Amino acid sequence: MAISPQPHRIGGDEARRNTFASWPTPDGLAAWYEFDVSLVGEPDPRTGYLLGIDVIDAAARANALPILGEALSGQSREPTPSLLVRLADSIASELGPACDEVRWRLTPRHELRWTRPASSPLERTDSNMTTTPSTEIEIQIRERFEFAAAHRLHCPDQSDQWNRETFGKCNNPRGHGHNYEIEVAVACRIDETGEAALSIHMLESIVEEQVIKRFDHRHLNEDCPEFADRNPSVENITITCHDLLSGPISSAQGRLISVTVWETGKTSCTYPAN
């Protein structure tokens, strides 16, 4: 979705001429967001549909665009948890109980995620808002970071030949480097004010202190005690990052869901496994 400051663009009622691009087409400067709306249920035995994609798309646009337009024209333009809950509640109330999850991609590296609470189905009370966020509502923050590091895959209790056969080029005695990407997924409970104790900025600070400063531009085998007795495979790097982050995130009133580390664009590891 593209959200423009001009009121007539927010409604999105003009003809759509490019089905591949964001819509409504922005006039000048605009905010751009992606929403993933997930439904769970049994498909209709005749049509094979759970719900038509056109219905889902129309519900998302009809409910999200006015709320986002209002937020962008207001004093505070922060992507707050309460705004996510308001957006998700509005979309889910129109689509019904099959609507299980709404993901709001703020940027290609930042994401907020709402999952339907286990209790109390949603009921629309007016055209703008449905329910008031309760202490039982939980959202997810997902954010990607990067760090550059060198490592050598080597098991000192095995022969040099075994290591060369097992790890190939990754056993180079001088090591080799990667531009690692790491995604941290955190659950945050919404309080009675509609906000979460753990913000995106707090998460960034924790990851910076616990992971980036520790591993960025380091040789993992030689510079980092975390890998003194642990081979720095992508699996072990992921587990280590998870263990380093779990306590500080818990202290900030969040719950670490998972950590994913990409060693290359084709190789990644997630812990715990989803």
# chains A, B, ... in the order shown; residues from 1 in each chain; ligands from 1
$ residues_around --residues "A:Phe227" --least-positions-apart "3" --cutoff "12 Å" --atoms "only C-alpha atoms" --output "MDAnalysis selection string"
chainID A and resid 151:155 214:215 218:224 230:234 236:241
$ write_last_selection --atoms "N, CA and C atoms" --output "CSV table (one decimal), in the first residue's frame"
chain,number,residue,atom,x,y,z
A,151,HIS,N,35.6,-16.7,10.3
A,151,HIS,CA,35.6,-17.9,11.1
A,151,HIS,C,36.4,-19.0,10.3
A,152,ARG,N,36.7,-20.0,11.0
A,152,ARG,CA,37.3,-21.2,10.5
A,152,ARG,C,36.5,-22.4,11.1
A,153,LEU,N,36.0,-23.3,10.2
A,153,LEU,CA,35.4,-24.5,10.7
A,153,LEU,C,36.5,-25.6,10.9
A,154,HIS,N,36.7,-26.0,12.1
A,154,HIS,CA,37.8,-26.9,12.4
A,154,HIS,C,37.5,-27.6,13.8
A,155,CYS,N,37.7,-28.9,13.8
A,155,CYS,CA,37.5,-29.7,15.0
A,155,CYS,C,38.9,-30.1,15.5
A,214,ARG,N,29.9,-7.5,19.9
A,214,ARG,CA,30.7,-8.6,20.3
A,214,ARG,C,31.3,-9.4,19.1
A,215,PHE,N,30.6,-9.4,18.0
A,215,PHE,CA,31.0,-10.2,16.8
A,215,PHE,C,31.4,-9.5,15.6
A,218,ARG,N,35.1,-9.3,13.7
A,218,ARG,CA,36.0,-10.2,14.6
A,218,ARG,C,36.3,-11.5,13.9
A,219,HIS,N,37.3,-12.1,14.3
A,219,HIS,CA,37.5,-13.5,13.9
A,219,HIS,C,36.9,-14.4,15.0
A,220,LEU,N,35.9,-15.0,14.7
A,220,LEU,CA,35.1,-15.7,15.8
A,220,LEU,C,35.9,-16.7,16.6
A,221,ASN,N,36.8,-17.5,15.9
A,221,ASN,CA,37.6,-18.5,16.6
A,221,ASN,C,38.6,-17.8,17.5
A,222,GLU,N,39.2,-16.7,17.0
A,222,GLU,CA,40.4,-16.2,17.7
A,222,GLU,C,40.0,-15.1,18.7
A,223,ASP,N,39.0,-14.3,18.4
A,223,ASP,CA,38.7,-13.1,19.2
A,223,ASP,C,37.5,-13.3,20.2
A,224,CYS,N,36.7,-14.3,20.0
A,224,CYS,CA,35.5,-14.4,20.8
A,224,CYS,C,35.5,-15.6,21.7
A,230,ARG,N,33.7,-24.1,20.8
A,230,ARG,CA,32.5,-24.4,20.0
A,230,ARG,C,32.8,-24.0,18.6
A,231,ASN,N,32.7,-24.9,17.7
A,231,ASN,CA,32.9,-24.6,16.3
A,231,ASN,C,31.9,-23.6,15.8
A,232,PRO,N,32.4,-22.5,15.2
A,232,PRO,CA,31.5,-21.4,14.8
A,232,PRO,C,30.7,-21.7,13.5
A,233,SER,N,30.0,-22.8,13.4
A,233,SER,CA,29.1,-23.0,12.3
A,233,SER,C,27.9,-22.1,12.4
A,234,VAL,N,27.1,-22.0,11.3
A,234,VAL,CA,26.0,-21.1,11.4
A,234,VAL,C,25.0,-21.6,12.5
A,236,ASN,N,25.8,-23.1,15.4
A,236,ASN,CA,26.3,-22.7,16.7
A,236,ASN,C,26.3,-21.2,16.9
A,237,ILE,N,26.5,-20.4,15.8
A,237,ILE,CA,26.4,-19.0,15.9
A,237,ILE,C,25.0,-18.6,16.3
A,238,THR,N,24.0,-19.2,15.7
A,238,THR,CA,22.6,-18.9,15.9
A,238,THR,C,22.2,-19.2,17.4
A,239,ILE,N,22.6,-20.4,17.9
A,239,ILE,CA,22.3,-20.7,19.3
A,239,ILE,C,23.0,-19.8,20.2
A,240,THR,N,24.2,-19.4,19.9
A,240,THR,CA,25.0,-18.5,20.8
A,240,THR,C,24.3,-17.1,20.8
A,241,CYS,N,23.9,-16.6,19.7
A,241,CYS,CA,23.2,-15.3,19.7
A,241,CYS,C,21.9,-15.4,20.5
$ closest_residue --among "A:Ala21, A:Ile212, A:Ala273, A:Leu29" --to "A:Ala148" --atoms "only C-alpha atoms"
A:Ile212
$ residues_around --residues "stretch 82-84 of chain A" --least-positions-apart "3" --cutoff "10 Å" --atoms "only C-alpha atoms" --output "MDAnalysis selection string"
chainID A and resid 64 67:68 71 77:79 87:90 102:104 112:114 132:133 139 190:191 193:196
$ write_last_selection --atoms "C-alpha atoms" --output "compact mmCIF listing (two decimals), in the first residue's frame"
# COMPACT_ATOMS: atom_id res chain seq x y z
CA ALA A 64 -6.05 -0.01 6.91
CA ILE A 67 -6.39 4.49 9.82
CA LEU A 68 -2.90 4.91 8.32
CA ALA A 71 -2.03 8.43 11.72
CA ARG A 77 3.84 9.19 13.48
CA GLU A 78 5.36 6.35 15.47
CA PRO A 79 4.38 2.78 14.40
CA LEU A 87 -5.22 -1.89 12.28
CA ALA A 88 -5.32 -5.65 12.85
CA ASP A 89 -8.54 -5.57 14.87
CA SER A 90 -10.23 -3.54 12.16
CA VAL A 102 -1.66 -9.60 10.38
CA ARG A 103 1.96 -8.70 9.62
CA TRP A 104 2.89 -5.05 9.08
CA LEU A 112 5.31 -5.84 13.55
CA ARG A 113 3.04 -8.85 13.82
CA TRP A 114 -0.40 -9.31 15.41
CA THR A 132 -9.70 -1.90 23.32
CA PRO A 133 -6.27 -3.55 23.62
CA ILE A 139 2.42 -8.60 19.34
CA ILE A 190 0.36 -4.97 25.37
CA ASP A 191 -0.45 -3.19 28.65
CA THR A 193 -2.42 1.83 27.90
CA GLY A 194 -2.17 -0.03 24.60
CA GLU A 195 1.62 0.06 24.46
CA ALA A 196 4.38 -2.52 24.82
$ select_by_dssp --residues "stretch 20-252 of chain A" --states "strand (DSSP E)" --output "number ranges by chain"
A: 31-32, 34-39, 99-107, 110-115, 138-151, 176-189, 218-219
$ closest_residue --among "A:Gln158, A:Asn163, A:Thr264, A:Gln140" --to "A:Thr115" --atoms "only C-alpha atoms"
A:Gln140
$ closest_atom_pairs --of "stretch 80-102 of chain A" --to "stretch 32-44 of chain A" --cutoff "10 Å" --atoms "only C-alpha atoms" --output "Markdown table"
| residue | atom | partner | partner_atom | distance |
| --- | --- | --- | --- | --- |
| A:Ala88 | CA | A:Val37 | CA | 8.9 |
| A:Ile91 | CA | A:Val37 | CA | 8.6 |
| A:Ala92 | CA | A:Val37 | CA | 8.8 |
| A:Leu95 | CA | A:Leu39 | CA | 8.8 |
| A:Gly96 | CA | A:Leu39 | CA | 9.3 |
| A:Pro97 | CA | A:Leu39 | CA | 8.4 |
| A:Ala98 | CA | A:Leu39 | CA | 5.0 |
| A:Cys99 | CA | A:Leu39 | CA | 4.3 |
| A:Asp100 | CA | A:Leu39 | CA | 5.2 |
| A:Glu101 | CA | A:Ser38 | CA | 5.0 |
| A:Val102 | CA | A:Val37 | CA | 4.7 |
$ write_last_selection --atoms "N, CA and C atoms" --output "PDB file, in the first residue's frame"
ATOM      1  N   ALA A  88      -5.030  -4.212  12.948  1.00  0.00           N
ATOM      2  CA  ALA A  88      -5.321  -5.645  12.852  1.00  0.00           C
ATOM      3  C   ALA A  88      -6.735  -5.958  13.302  1.00  0.00           C
ATOM      4  N   ILE A  91      -9.182  -4.971  10.505  1.00  0.00           N
ATOM      5  CA  ILE A  91      -9.169  -5.919   9.379  1.00  0.00           C
ATOM      6  C   ILE A  91      -9.803  -7.239   9.781  1.00  0.00           C
ATOM      7  N   ALA A  92      -9.409  -7.761  10.956  1.00  0.00           N
ATOM      8  CA  ALA A  92      -9.882  -9.072  11.393  1.00  0.00           C
ATOM      9  C   ALA A  92     -11.370  -9.070  11.693  1.00  0.00           C
ATOM     10  N   LEU A  95     -13.099  -9.659   8.358  1.00  0.00           N
ATOM     11  CA  LEU A  95     -12.857 -10.954   7.737  1.00  0.00           C
ATOM     12  C   LEU A  95     -13.364 -12.108   8.581  1.00  0.00           C
ATOM     13  N   GLY A  96     -13.606 -11.880   9.873  1.00  0.00           N
ATOM     14  CA  GLY A  96     -14.155 -12.934  10.717  1.00  0.00           C
ATOM     15  C   GLY A  96     -13.085 -13.749  11.414  1.00  0.00           C
ATOM     16  N   PRO A  97     -13.507 -14.797  12.116  1.00  0.00           N
ATOM     17  CA  PRO A  97     -12.587 -15.577  12.951  1.00  0.00           C
ATOM     18  C   PRO A  97     -11.501 -16.318  12.177  1.00  0.00           C
ATOM     19  N   ALA A  98     -11.650 -16.462  10.859  1.00  0.00           N
ATOM     20  CA  ALA A  98     -10.601 -17.127  10.076  1.00  0.00           C
ATOM     21  C   ALA A  98      -9.330 -16.291  10.017  1.00  0.00           C
ATOM     22  N   CYS A  99      -9.450 -14.973  10.212  1.00  0.00           N
ATOM     23  CA  CYS A  99      -8.283 -14.095  10.160  1.00  0.00           C
ATOM     24  C   CYS A  99      -7.443 -14.343  11.409  1.00  0.00           C
ATOM     25  N   ASP A 100      -6.276 -14.905  11.207  1.00  0.00           N
ATOM     26  CA  ASP A 100      -5.460 -15.376  12.330  1.00  0.00           C
ATOM     27  C   ASP A 100      -4.255 -14.488  12.608  1.00  0.00           C
ATOM     28  N   GLU A 101      -3.751 -13.792  11.576  1.00  0.00           N
ATOM     29  CA  GLU A 101      -2.511 -13.039  11.765  1.00  0.00           C
ATOM     30  C   GLU A 101      -2.438 -11.888  10.772  1.00  0.00           C
ATOM     31  N   VAL A 102      -1.916 -10.751  11.236  1.00  0.00           N
ATOM     32  CA  VAL A 102      -1.660  -9.596  10.384  1.00  0.00           C
ATOM     33  C   VAL A 102      -0.225  -9.159  10.619  1.00  0.00           C
TER      34      VAL A 102
END
$ select_by_dssp --residues "stretch 109-234 of chain A" --states "alpha helix (DSSP H)" --output "ChimeraX atom specification"
/A:160-167,200-207,213-215,220-223,234
$ write_last_selection --atoms "N, CA and C atoms" --output "mmCIF file, in the first residue's frame"
data_model
loop_
_atom_site.group_PDB
_atom_site.id
_atom_site.type_symbol
_atom_site.label_atom_id
_atom_site.label_comp_id
_atom_site.auth_asym_id
_atom_site.auth_seq_id
_atom_site.Cartn_x
_atom_site.Cartn_y
_atom_site.Cartn_z
ATOM 1 N N ASP A 160 43.932 -33.364 10.530
ATOM 2 C CA ASP A 160 43.849 -32.331 9.503
ATOM 3 C C ASP A 160 43.146 -32.858 8.259
ATOM 4 N N GLN A 161 43.409 -34.109 7.900
ATOM 5 C CA GLN A 161 42.759 -34.690 6.726
ATOM 6 C C GLN A 161 41.243 -34.776 6.922
ATOM 7 N N TRP A 162 40.835 -35.228 8.099
ATOM 8 C CA TRP A 162 39.391 -35.324 8.396
ATOM 9 C C TRP A 162 38.741 -33.959 8.291
ATOM 10 N N ASN A 163 39.383 -32.931 8.840
ATOM 11 C CA ASN A 163 38.834 -31.580 8.790
ATOM 12 C C ASN A 163 38.733 -31.065 7.370
ATOM 13 N N ARG A 164 39.758 -31.328 6.557
ATOM 14 C CA ARG A 164 39.708 -30.884 5.163
ATOM 15 C C ARG A 164 38.598 -31.585 4.403
ATOM 16 N N GLU A 165 38.437 -32.883 4.641
ATOM 17 C CA GLU A 165 37.389 -33.640 3.953
ATOM 18 C C GLU A 165 35.997 -33.223 4.423
ATOM 19 N N THR A 166 35.877 -32.873 5.681
ATOM 20 C CA THR A 166 34.563 -32.524 6.245
ATOM 21 C C THR A 166 34.147 -31.103 5.893
ATOM 22 N N PHE A 167 35.075 -30.151 6.001
ATOM 23 C CA PHE A 167 34.715 -28.738 5.875
ATOM 24 C C PHE A 167 35.189 -28.097 4.573
ATOM 25 N N ILE A 200 10.924 -1.053 19.443
ATOM 26 C CA ILE A 200 11.907 -1.366 18.397
ATOM 27 C C ILE A 200 13.266 -0.780 18.769
ATOM 28 N N HIS A 201 13.259 0.452 19.303
ATOM 29 C CA HIS A 201 14.521 1.106 19.651
ATOM 30 C C HIS A 201 15.232 0.354 20.774
ATOM 31 N N MET A 202 14.486 -0.156 21.749
ATOM 32 C CA MET A 202 15.095 -0.929 22.829
ATOM 33 C C MET A 202 15.668 -2.234 22.298
ATOM 34 N N LEU A 203 14.941 -2.885 21.392
ATOM 35 C CA LEU A 203 15.439 -4.123 20.797
ATOM 36 C C LEU A 203 16.739 -3.862 20.053
ATOM 37 N N GLU A 204 16.794 -2.783 19.288
ATOM 38 C CA GLU A 204 18.017 -2.456 18.563
ATOM 39 C C GLU A 204 19.199 -2.261 19.519
ATOM 40 N N SER A 205 18.947 -1.609 20.636
ATOM 41 C CA SER A 205 20.007 -1.373 21.607
ATOM 42 C C SER A 205 20.522 -2.685 22.196
ATOM 43 N N ILE A 206 19.611 -3.602 22.503
ATOM 44 C CA ILE A 206 20.000 -4.894 23.077
ATOM 45 C C ILE A 206 20.819 -5.704 22.079
ATOM 46 N N VAL A 207 20.364 -5.771 20.828
ATOM 47 C CA VAL A 207 21.096 -6.537 19.807
ATOM 48 C C VAL A 207 22.463 -5.910 19.558
ATOM 49 N N LYS A 213 28.320 -5.582 18.712
ATOM 50 C CA LYS A 213 29.606 -5.147 19.265
ATOM 51 C C LYS A 213 30.510 -6.335 19.588
ATOM 52 N N ARG A 214 29.909 -7.458 19.887
ATOM 53 C CA ARG A 214 30.679 -8.642 20.282
ATOM 54 C C ARG A 214 31.314 -9.354 19.082
ATOM 55 N N PHE A 215 30.592 -9.404 17.953
ATOM 56 C CA PHE A 215 31.032 -10.237 16.833
ATOM 57 C C PHE A 215 31.420 -9.469 15.577
ATOM 58 N N LEU A 220 35.867 -15.050 14.740
ATOM 59 C CA LEU A 220 35.094 -15.696 15.790
ATOM 60 C C LEU A 220 35.921 -16.708 16.572
ATOM 61 N N ASN A 221 36.763 -17.461 15.892
ATOM 62 C CA ASN A 221 37.583 -18.469 16.572
ATOM 63 C C ASN A 221 38.617 -17.834 17.483
ATOM 64 N N GLU A 222 39.228 -16.750 17.024
ATOM 65 C CA GLU A 222 40.390 -16.195 17.708
ATOM 66 C C GLU A 222 40.049 -15.063 18.671
ATOM 67 N N ASP A 223 38.986 -14.307 18.386
ATOM 68 C CA ASP A 223 38.691 -13.102 19.172
ATOM 69 C C ASP A 223 37.532 -13.262 20.158
ATOM 70 N N VAL A 234 27.139 -21.985 11.336
ATOM 71 C CA VAL A 234 25.971 -21.107 11.391
ATOM 72 C C VAL A 234 24.993 -21.596 12.450
#
$ closest_residue --among "A:Val211, A:Arg109, A:Arg189, A:Gly177" --to "A:Ser246" --atoms "only C-alpha atoms"
A:Val211
$ residues_around --residues "A:Ala187" --least-positions-apart "6" --cutoff "7 Å" --atoms "only C-alpha atoms" --output "PyMOL selection string"
chain A and resi 138-141+254-257
$ write_last_selection --atoms "N, CA and C atoms" --output "PDB file, in the first residue's frame"
ATOM      1  N   GLU A 138      -0.793  -9.844  22.596  1.00  0.00           N
ATOM      2  CA  GLU A 138       0.642  -9.920  22.412  1.00  0.00           C
ATOM      3  C   GLU A 138       0.960  -9.648  20.948  1.00  0.00           C
ATOM      4  N   ILE A 139       1.971  -8.845  20.705  1.00  0.00           N
ATOM      5  CA  ILE A 139       2.421  -8.603  19.341  1.00  0.00           C
ATOM      6  C   ILE A 139       3.859  -9.103  19.202  1.00  0.00           C
ATOM      7  N   GLN A 140       4.303  -9.175  17.964  1.00  0.00           N
ATOM      8  CA  GLN A 140       5.682  -9.563  17.698  1.00  0.00           C
ATOM      9  C   GLN A 140       6.420  -8.420  17.004  1.00  0.00           C
ATOM     10  N   ILE A 141       7.668  -8.240  17.384  1.00  0.00           N
ATOM     11  CA  ILE A 141       8.593  -7.347  16.672  1.00  0.00           C
ATOM     12  C   ILE A 141       9.651  -8.225  16.021  1.00  0.00           C
ATOM     13  N   GLY A 254      10.226  -8.486  27.352  1.00  0.00           N
ATOM     14  CA  GLY A 254       9.897  -9.140  26.091  1.00  0.00           C
ATOM     15  C   GLY A 254      10.163 -10.627  26.209  1.00  0.00           C
ATOM     16  N   ARG A 255       9.769 -11.367  25.187  1.00  0.00           N
ATOM     17  CA  ARG A 255      10.013 -12.812  25.159  1.00  0.00           C
ATOM     18  C   ARG A 255      10.634 -13.156  23.812  1.00  0.00           C
ATOM     19  N   LEU A 256      11.855 -13.689  23.858  1.00  0.00           N
ATOM     20  CA  LEU A 256      12.549 -14.043  22.620  1.00  0.00           C
ATOM     21  C   LEU A 256      11.895 -15.267  22.005  1.00  0.00           C
ATOM     22  N   ILE A 257      11.387 -15.121  20.779  1.00  0.00           N
ATOM     23  CA  ILE A 257      10.725 -16.225  20.074  1.00  0.00           C
ATOM     24  C   ILE A 257      11.746 -17.054  19.314  1.00  0.00           C
TER      25      ILE A 257
END
$ atom_distance --atom1 "atom CA of A:Ala30" --atom2 "atom CA of A:Glu183"
26.9 Å
$ atom_distance --atom1 "atom CA of A:Glu146" --atom2 "atom CA of A:Asn179"
6.9 Å
$ atom_distance --atom1 "atom CA of A:Ala62" --atom2 "atom CA of A:Arg105"
17.9 Å
$ residues_around --residues "A:Ser258" --least-positions-apart "5" --cutoff "6 Å" --atoms "only C-alpha atoms" --output "list in words"
Ala185, Tyr271 and Pro272 of chain A
$ write_last_selection --atoms "C-alpha atoms" --output "CSV table (one decimal), in the first residue's frame"
chain,number,residue,atom,x,y,z
A,185,ALA,CA,11.8,-12.2,16.7
A,271,TYR,CA,16.8,-21.4,16.7
A,272,PRO,CA,14.5,-22.6,18.3
